[in-house]
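Before any comments, here is the structure.
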Amino acid sequence: MITIKSPREIEIMRRGGKITAKTLAMLMAAAKPGVTTAELDKLADASIRSMGGVPTFIGYNGYPAAICASVNDEVVHGMPGPRVLHDGDLLSIDIGTTFEGYVSDSAVTVAIGTISEAAQRLMRVTQECLMLGIAQMQPGNRLGDIGHAIQEHAESHGYGVVRALVGHGVGRKMHEDPQVPNFGKAGSGPVLRKGLVLALEPMITEGTYEVATLDDGWTVVTEDGKLAAHFEHTIAITDHGPKILTLRDSAEHPDVARYRPAEEVAA
């Protein structure tokens, strides 16, 4: 069942989203060659708790850590551990915070040291996919408009769009209805309404969209071993369009209107 959040609930989620955003920004700065993913996990746990939140991921379906740390061909759910980050790696960090009973969820892919131009392009296009999806979160649009915008942009650059994993509603639980595919048909699906809060998370690959899960039962990798990138925000639909609840103040531009077609903006 799709739940609609009240202004009070969205405000709580915004405050929790600030904890998520500040922690993720700190991890982005700390992710350098020589650092282990376990060290980043400890930083995240301490940061979230210091601001009054609880790491959502710990214990979720048995997951043991505060973050997911996925490297190179790992799409999502990479478990932190002794793995050392090296120059040229791509690291996707996924993080969730529970604050006053509500969850905020966000992810980013970061460059470790100096990365290839191809990796830079993959990161850029994946982040653009996220913003294009967010731009479709207007009251009266349909859920399929989000996935269509993401898929069209990714595939126009020759990339794969993971089918096996999708975005989701978020609120008192990390995963709520509806599921939000990163692919689909424009004009299809439920109508988007004020008060709907979604976690959009394009997972884009250099090659095939097919994925596999490693023997640890968590880490999802590309089947062809090529790079993947992952960006995510928690967003609420308002009378004035989408409001990003996990925006990182100094790292991103909140103006999603620039990702919408000119005729939509004019309307």
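Simple scheme: letters A, B, ... for chains in structure tokens order, numbers from 1 for residues in each chain, numbers from 1 for ligands in the order shown.
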Inset, instruction - Just the residues within 7 Å of A:Arg172, please, counting only C-alpha atoms, with nothing from its chain fewer than 5 positions along; format it as a ChimeraX atom specification. - result: /A:101-103
Would you output that residue set with N, CA and C atoms, as a compact mmCIF listing (two decimals), in the first residue's frame?
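Saved as again18.txt:
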# COMPACT_ATOMS: atom_id res chain seq x y z
N GLY A 101 11.97 7.64 14.00
CA GLY A 101 11.09 6.63 13.42
C GLY A 101 10.95 6.65 11.91
N TYR A 102 11.66 7.56 11.24
CA TYR A 102 11.56 7.67 9.78
C TYR A 102 12.94 7.51 9.15
N VAL A 103 12.94 6.93 7.95
CA VAL A 103 14.19 6.59 7.25
C VAL A 103 14.47 7.57 6.12
Inset, instruction - Tell me, as number ranges by chain, which residues lie within 10 Å of A:Gln138, counting only C-alpha atoms; anything in the same chain fewer than 3 positions away does not count. - result: A: 134-135, 141-143, 145-146, 191-194, 236-242
Using the selection just defined, write its residues with C-alpha atoms as a short mmCIF file (atom, residue, chain, number, x, y, z; two decimals), in the first residue's frame.
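The result, written out as again18.cif:
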data_model
loop_
_atom_site.label_atom_id
_atom_site.label_comp_id
_atom_site.auth_asym_id
_atom_site.auth_seq_id
_atom_site.Cartn_x
_atom_site.Cartn_y
_atom_site.Cartn_z
CA ILE A 134 13.69 13.53 -9.84
CA ALA A 135 12.53 16.16 -12.33
CA ASN A 141 2.81 12.72 -13.51
CA ARG A 142 2.92 8.93 -13.40
CA LEU A 143 5.42 6.56 -11.87
CA ASP A 145 7.62 8.77 -16.26
CA ILE A 146 10.47 8.46 -13.75
CA VAL A 191 -0.36 8.94 -10.47
CA LEU A 192 2.22 10.84 -8.42
CA ARG A 193 0.68 12.81 -5.55
CA LYS A 194 1.75 15.46 -3.08
CA ALA A 236 9.23 14.24 -1.37
CA ILE A 237 6.62 15.48 -3.83
CA THR A 238 5.24 18.90 -2.88
CA ASP A 239 2.87 21.43 -4.44
CA HIS A 240 5.99 23.03 -5.92
CA GLY A 241 7.47 19.83 -7.30
CA PRO A 242 10.17 17.54 -5.89
#
Legend entry - Of the listed residues A:Asp249, A:Asp105, A:Glu155, A:Glu176, that which approaches A:Thr234 most closely, counting only C-alpha atoms: A:Asp105
Inset, instruction - Quick one: pull the distance between atom CA of A:Ala44 and atom CA of A:Ala31, Å, one decimal. - result: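 These atoms are spaced 11.7 Å apart.
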Rows by chain and residue number, stretch 205-234 of chain A within 12 Å of stretch 57-66 of chain A, shortest pair, only C-alpha atoms, as a tab-separated table:
residue	atom	partner	partner_atom	distance
A:Asp216	CA	A:Tyr63	CA	10.8
A:Gly217	CA	A:Tyr63	CA	9.9
A:Trp218	CA	A:Tyr63	CA	8.3
A:Thr219	CA	A:Tyr63	CA	11.1
Legend entry - Given only C-alpha atoms as the counted atoms, nearest of A:Asn182, A:Thr114, A:Thr222, A:Thr213 to A:Gly167: A:Asn182
Inset, instruction - Give me the residues within 6 Å of A:Ala228 as an MDAnalysis selection string, counting only C-alpha atoms and dropping any in the same chain fewer than 5 places off. - result: chainID A and resid 73 75 204:205
Can you spit out the residues from that selection as a compact mmCIF listing (two decimals), in the first residue's frame, using C-alpha atoms?
# COMPACT_ATOMS: atom_id res chain seq x y z
CA ASP A 73 31.97 -3.89 -10.89
CA VAL A 75 26.68 -2.52 -8.25
CA ILE A 204 23.84 2.11 -14.38
CA THR A 205 26.43 -0.17 -15.97
Inset, instruction - One decimal, Å: what's the distance from atom CA of A:Ala30 over to atom CA of A:Ile95, could you say? - result: 14.8 Å
Legend entry - Pairwise distance for atom CA of A:Ser104 and atom CA of A:His230, rounded to one decimal in Å: 16.2 Å
Need the shell around A:Lys226: protein/DNA/RNA residues with any atom at most 12 Å away, counting only C-alpha atoms. Skip same-chain ones fewer than 6 positions apart. Format as a tab-separated table (two decimals) with C-alpha atoms, in the first residue's frame?
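Saved as part.tsv:
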chain	number	residue	atom	x	y	z
A	71	VAL	CA	33.80	-1.12	-5.67
A	72	ASN	CA	34.14	-1.06	-9.47
A	73	ASP	CA	31.97	-3.89	-10.89
A	74	GLU	CA	30.04	-4.16	-7.61
A	75	VAL	CA	26.68	-2.52	-8.25
A	90	LEU	CA	35.09	3.67	-8.29
A	118	ALA	CA	35.33	6.38	-19.17
A	119	ALA	CA	34.68	6.03	-15.44
A	122	LEU	CA	29.72	6.79	-16.31
A	159	TYR	CA	24.83	2.14	-20.87
A	160	GLY	CA	22.86	-0.64	-19.24
A	204	ILE	CA	23.84	2.11	-14.38
A	205	THR	CA	26.43	-0.17	-15.97
A	206	GLU	CA	29.07	0.16	-18.68
A	207	GLY	CA	27.90	-3.03	-20.33
A	208	THR	CA	25.12	-5.53	-19.75
A	209	TYR	CA	22.37	-4.77	-17.27
A	210	GLU	CA	22.50	-8.37	-16.05
A	211	VAL	CA	23.81	-8.84	-12.51
Inset, instruction - Rank nothing, just name the residue among A:Gln136, A:Glu201, A:Thr20, A:Thr126 nearest to A:Thr56, using only C-alpha atoms. - result: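 Counting only C-alpha atoms, the residue closest to A:Thr56 is A:Thr20.
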Legend entry - Long-range neighbours of A:Val108 as number ranges by chain, 8 Å cut-off, only C-alpha atoms, 5 positions minimum in chain: A: 92-94, 230-232
Inset, instruction - Please run DSSP on the backbone and report, as a ChimeraX atom specification, all residues within stretch 26-251 of chain A that come out as helix (DSSP H, G or I). - result: /A:26-30,37-50,60-62,117-135,143-156
